[in-house]
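Presented below is the structure to which this report refers.
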Amino acid sequence: MPTCAESRWLVLACALLGGMPAAAATPVETPYSAVSLPFELHQVPGVPVYYIEGLSGVPDSVNEGHTSNAGFVVTEAGVVVFDALGTPALGYRMLQRIREVTDKPIKYVVVSHYHADHIYGLQAFKEHGNAPVVLAQRGTLGYAGGTADSQGEDAARRLEQRRQALFPWVDEKTFIVAPDQVFDQEFTFELGGIRFEIRHLGPAHAPGDSIMLVRDYGVLFGGDVLYGGRVPFLDSPETDIRQWLAGLDYIAGLKDQVRYIIPGHGTLSEDAQQVVEATRNYILYVREAMARAVRDLVPFDEAYRNTDWSRYEKLPAFDASNRGNAYRIYLDEEGRSLK
Ligand SMILES: [Zn+2]
């Protein structure tokens, strides 16, 4: 008999029936700081694949930095983790959740890309999780560096910002864990008879964007190339829309192998095609509107005001991301028009 924590639908039902509070759980102490958010573990139906779903919005002291998704796959020979959440405390909570499911060693942590909301939890895996191999695409090295000294400026700036915005969950002791092993286009390995296929797409949303397909279970971890039921985040200096669209084409081609998509943000989806289309349609819609404005020499503010956003404005993350996304694309199109 599954418990409240074992299925996302049951979690909802339990919350509605009062069997489990939907918010403000008792704080759970970690070696970093206490986590007081509900921290539910969901299982992909019928397979040993689990995930944690972040809240929508920008990381702040209310959501405790818990804005991204992460997951793990349990095999006979060990655990493979995909992404590590946005604070060491959350990484530690994830470790605890893994230990509730299995005592197998954690062998790998695959990182979809090096953005703060997905990587600060790596510290907990390094310090308390048998030091698994952290695996990422080579393009992440510009951010993560090989050592603390060679880390990129963006990484240092972001860490400083998060020490302010997410204190005490991110503090002076928080550090960025660089990958132990990097790959270029693809990296495939087997663990406990299960095959893990990691592929670099992009740079799309960020340098080093990678997805992981667990073909045996029909599960795709999409990182931030895919968004489930919310507005994507395009407003990053390294975002490359053309490569992003090419990456979505690649994922669309996997449709016969994928039954479930766990995106970097948003909800689990059983409809791979729908997730790909929703992400693609949003990108194309913003690009088309902003390209038209640049072509007609309409200033950004006016162009933004005059664009019909009604199809997106009810989605989570619209307020936090849409204007920045549009501005980023506008600048992009402007740059292109000047070439
Ligand atoms: Zn993210």
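Order determines the names: the first chain of the structure tokens is A, the second B, and so forth; residues in each chain are numbered 1 upward, and ligands are numbered 1 upward as they are shown.
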Determine which residues of region 2-240 of chain A DSSP labels as strand (DSSP E or B) from the backbone of this structure, then write them out as a ChimeraX atom specification. /A:28,35,42-43,49-52,70-75,78-82,106-110,133-137,181-183,186-191,194-200,210-214,219-228
Could I get the residue neighbourhood of ligand 1 at 8 Å, counting only C-alpha atoms and all ligand atoms, as JSON, numbers by chain? {"A": [67, 68, 115, 116, 117, 118, 223, 224, 233, 264, 265]}
Next, dump the selected residues to file, keeping only N, CA and C atoms, as a compact mmCIF listing (two decimals), in the first residue's frame.
# COMPACT_ATOMS: atom_id res chain seq x y z
N THR A 67 13.55 25.77 -6.04
CA THR A 67 12.83 26.13 -7.25
C THR A 67 13.07 25.19 -8.42
N SER A 68 13.99 24.26 -8.28
CA SER A 68 14.28 23.37 -9.42
C SER A 68 13.92 21.93 -9.07
N HIS A 115 23.83 26.06 -13.22
CA HIS A 115 23.14 27.26 -12.72
C HIS A 115 22.87 27.01 -11.26
N ALA A 116 22.92 28.08 -10.47
CA ALA A 116 22.90 27.96 -9.02
C ALA A 116 21.75 27.10 -8.49
N ASP A 117 20.58 27.22 -9.13
CA ASP A 117 19.41 26.51 -8.59
C ASP A 117 19.52 24.99 -8.75
N HIS A 118 20.51 24.52 -9.50
CA HIS A 118 20.64 23.07 -9.70
C HIS A 118 21.90 22.48 -9.05
N GLY A 223 16.45 18.51 -17.78
CA GLY A 223 17.15 19.73 -17.37
C GLY A 223 16.35 20.96 -17.78
N ASP A 224 17.03 22.07 -17.98
CA ASP A 224 16.30 23.31 -18.26
C ASP A 224 16.08 23.54 -19.75
N PHE A 233 12.61 29.73 -18.94
CA PHE A 233 13.49 30.83 -18.57
C PHE A 233 14.52 31.02 -19.69
N GLY A 264 13.42 20.30 -15.92
CA GLY A 264 14.23 20.99 -14.91
C GLY A 264 13.39 21.81 -13.94
N HIS A 265 12.25 22.25 -14.44
CA HIS A 265 11.29 22.99 -13.61
C HIS A 265 9.90 22.58 -14.07
Phe175 (chain A): which residues within 9 Å, counting only C-alpha atoms, same-chain residues fewer than 4 positions away excluded, as a PyMOL selection string? chain A and resi 88+120+123+148+159+170-171
What's around Val276 (chain A) at 12 Å? Count only C-alpha atoms, leave out sequence neighbours fewer than 5 positions away in its own chain, and write the answer as a VMD selection string. chain A and resid 220 222 224 to 229 232 244 to 255 258 261 to 263 269 to 271 281 to 283
So which one's closest to Ala278 (chain A), A:Leu315, A:Ala34, A:Leu85, A:Ala206? Using only C-alpha atoms, please.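 Using only C-alpha atoms, Ala278 (chain A) sits closest to A:Leu315.
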As a PDB file with C-alpha atoms, in the first residue's frame, please: all residues of region 221-337 of chain A that backbone DSSP puts in helix (DSSP H, G or I).
ATOM      1  CA  ILE A 241      17.648  30.148 -29.102  1.00  0.00           C
ATOM      2  CA  ARG A 242      18.673  28.450 -32.355  1.00  0.00           C
ATOM      3  CA  GLN A 243      20.526  25.671 -30.602  1.00  0.00           C
ATOM      4  CA  TRP A 244      17.675  25.374 -28.132  1.00  0.00           C
ATOM      5  CA  LEU A 245      15.184  24.783 -30.937  1.00  0.00           C
ATOM      6  CA  ALA A 246      17.553  22.220 -32.478  1.00  0.00           C
ATOM      7  CA  GLY A 247      17.761  20.507 -29.094  1.00  0.00           C
ATOM      8  CA  LEU A 248      13.968  20.337 -28.907  1.00  0.00           C
ATOM      9  CA  ASP A 249      13.927  18.697 -32.343  1.00  0.00           C
ATOM     10  CA  TYR A 250      16.338  16.102 -31.029  1.00  0.00           C
ATOM     11  CA  ILE A 251      14.126  15.381 -28.025  1.00  0.00           C
ATOM     12  CA  ALA A 252      11.051  15.178 -30.255  1.00  0.00           C
ATOM     13  CA  ALA A 272       6.788  14.085 -24.328  1.00  0.00           C
ATOM     14  CA  GLN A 273       5.457  15.663 -27.482  1.00  0.00           C
ATOM     15  CA  GLN A 274       3.345  18.117 -25.538  1.00  0.00           C
ATOM     16  CA  VAL A 275       6.254  19.273 -23.362  1.00  0.00           C
ATOM     17  CA  VAL A 276       8.488  19.755 -26.375  1.00  0.00           C
ATOM     18  CA  GLU A 277       5.770  21.605 -28.271  1.00  0.00           C
ATOM     19  CA  ALA A 278       4.855  23.833 -25.337  1.00  0.00           C
ATOM     20  CA  THR A 279       8.485  24.875 -24.818  1.00  0.00           C
ATOM     21  CA  ARG A 280       9.035  25.368 -28.550  1.00  0.00           C
ATOM     22  CA  ASN A 281       5.797  27.325 -29.076  1.00  0.00           C
ATOM     23  CA  TYR A 282       6.622  29.705 -26.272  1.00  0.00           C
ATOM     24  CA  ILE A 283      10.124  30.383 -27.609  1.00  0.00           C
ATOM     25  CA  LEU A 284       8.795  30.911 -31.139  1.00  0.00           C
ATOM     26  CA  TYR A 285       5.992  33.170 -29.954  1.00  0.00           C
ATOM     27  CA  VAL A 286       8.320  35.481 -28.014  1.00  0.00           C
ATOM     28  CA  ARG A 287      10.859  35.485 -30.822  1.00  0.00           C
ATOM     29  CA  GLU A 288       8.287  36.291 -33.475  1.00  0.00           C
ATOM     30  CA  ALA A 289       6.816  39.177 -31.458  1.00  0.00           C
ATOM     31  CA  MET A 290      10.192  40.676 -30.621  1.00  0.00           C
ATOM     32  CA  ALA A 291      11.638  40.173 -34.122  1.00  0.00           C
ATOM     33  CA  ARG A 292       8.647  42.012 -35.572  1.00  0.00           C
ATOM     34  CA  ALA A 293       9.143  44.885 -33.127  1.00  0.00           C
ATOM     35  CA  VAL A 294      12.837  45.169 -33.993  1.00  0.00           C
ATOM     36  CA  ARG A 295      12.014  45.094 -37.700  1.00  0.00           C
ATOM     37  CA  PHE A 300      10.980  47.393 -26.303  1.00  0.00           C
ATOM     38  CA  ASP A 301       8.566  48.774 -23.690  1.00  0.00           C
ATOM     39  CA  GLU A 302       5.981  49.515 -26.317  1.00  0.00           C
ATOM     40  CA  ALA A 303       6.491  46.189 -28.053  1.00  0.00           C
ATOM     41  CA  TYR A 304       6.107  44.345 -24.763  1.00  0.00           C
ATOM     42  CA  ARG A 305       2.958  46.247 -23.865  1.00  0.00           C
ATOM     43  CA  ASN A 306       1.421  45.653 -27.270  1.00  0.00           C
ATOM     44  CA  PHE A 318       5.022  34.264 -16.002  1.00  0.00           C
ATOM     45  CA  ASP A 319       5.459  37.248 -13.687  1.00  0.00           C
ATOM     46  CA  ALA A 320       8.977  36.274 -12.731  1.00  0.00           C
ATOM     47  CA  SER A 321      10.299  35.458 -16.199  1.00  0.00           C
ATOM     48  CA  ASN A 322       8.256  36.683 -19.119  1.00  0.00           C
ATOM     49  CA  ARG A 323       9.404  40.278 -19.370  1.00  0.00           C
ATOM     50  CA  GLY A 324      13.063  39.367 -18.920  1.00  0.00           C
ATOM     51  CA  ASN A 325      12.689  36.640 -21.535  1.00  0.00           C
ATOM     52  CA  ALA A 326      11.158  39.055 -24.017  1.00  0.00           C
ATOM     53  CA  TYR A 327      13.854  41.649 -23.380  1.00  0.00           C
ATOM     54  CA  ARG A 328      16.625  39.101 -23.853  1.00  0.00           C
ATOM     55  CA  ILE A 329      15.153  38.021 -27.184  1.00  0.00           C
ATOM     56  CA  TYR A 330      14.588  41.637 -28.225  1.00  0.00           C
ATOM     57  CA  LEU A 331      18.281  42.414 -27.647  1.00  0.00           C
ATOM     58  CA  ASP A 332      19.195  39.250 -29.489  1.00  0.00           C
ATOM     59  CA  GLU A 333      17.107  40.210 -32.498  1.00  0.00           C
ATOM     60  CA  GLU A 334      18.461  43.756 -32.399  1.00  0.00           C
ATOM     61  CA  GLY A 335      22.009  42.430 -32.405  1.00  0.00           C
ATOM     62  CA  ARG A 336      21.185  40.186 -35.323  1.00  0.00           C
ATOM     63  CA  SER A 337      19.610  43.050 -37.292  1.00  0.00           C
TER      64      SER A 337
END
Nearest residue to Asp60 (chain A) from the set A:Leu166, A:Ile119, A:Leu213, A:Val231 (distances using only C-alpha atoms):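 With only C-alpha atoms as the atom set, the closest residue is A:Leu166.
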Identify which of the residues A:Val109, A:Val214, A:Ala156, A:Ala204 lies closest to Pro179 (chain A), counting only C-alpha atoms when measuring atom-to-atom distances. A:Val109
Of the residues A:Leu41, A:Glu313, A:Gly266, A:Val177, which is the one nearest to Glu127 (chain A), using only C-alpha atoms? A:Val177
Separation of CA of Tyr114 (chain A) and CA of Phe82 (chain A), in Å?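 About the pair CA of Tyr114 (chain A) and CA of Phe82 (chain A): they are 12.4 Å apart.
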List the neighbours of Pro105 (chain A) out to 10 Å using only C-alpha atoms; skip same-chain residues closer than 6 positions along the sequence, and give me the result as a list in words. Val74, Thr75, Glu76, Ala77, Gly78, Val79, Val80, Ile98, Arg99, Gly129, Asn130, Ala131 and Pro132 of chain A
Counting only C-alpha atoms, which of A:Ala124, A:Ser56, A:Gly71, A:Arg157 gets nearest to Ala89 (chain A)?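 Among A:Ala124, A:Ser56, A:Gly71, A:Arg157, it is A:Ala124 that comes nearest to Ala89 (chain A).
Close contacts of Pro168 (chain A), defined as residues with an atom at most 10 Å away when counting only C-alpha atoms, with chain neighbours fewer than 5 positions off set aside, comprise Tyr32, Ser33, Ala34, Ser61, Glu64, Thr87, Ala89, Arg162 and Arg163 of chain A.
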Got a sec: who's within 8 Å of Thr188 (chain A), counting only C-alpha atoms, leaving out chain neighbours fewer than 4 positions off, as a VMD selection string? chain A and resid 195 to 198
Pairwise distance for CA of Phe189 (chain A) and CA of Gly218 (chain A), rounded to one decimal in Å: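 Distance reported for this atom pair: 16.1 Å.
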Which distance in Å separates CA of Val110 (chain A) and CA of Met212 (chain A), to one decimal? 8.3 Å
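Ranking A:Phe183, A:Phe221, A:Tyr108, A:Phe72 by their shortest atom-to-atom distance to Val134 (chain A), with only C-alpha atoms included, puts A:Tyr108 first.
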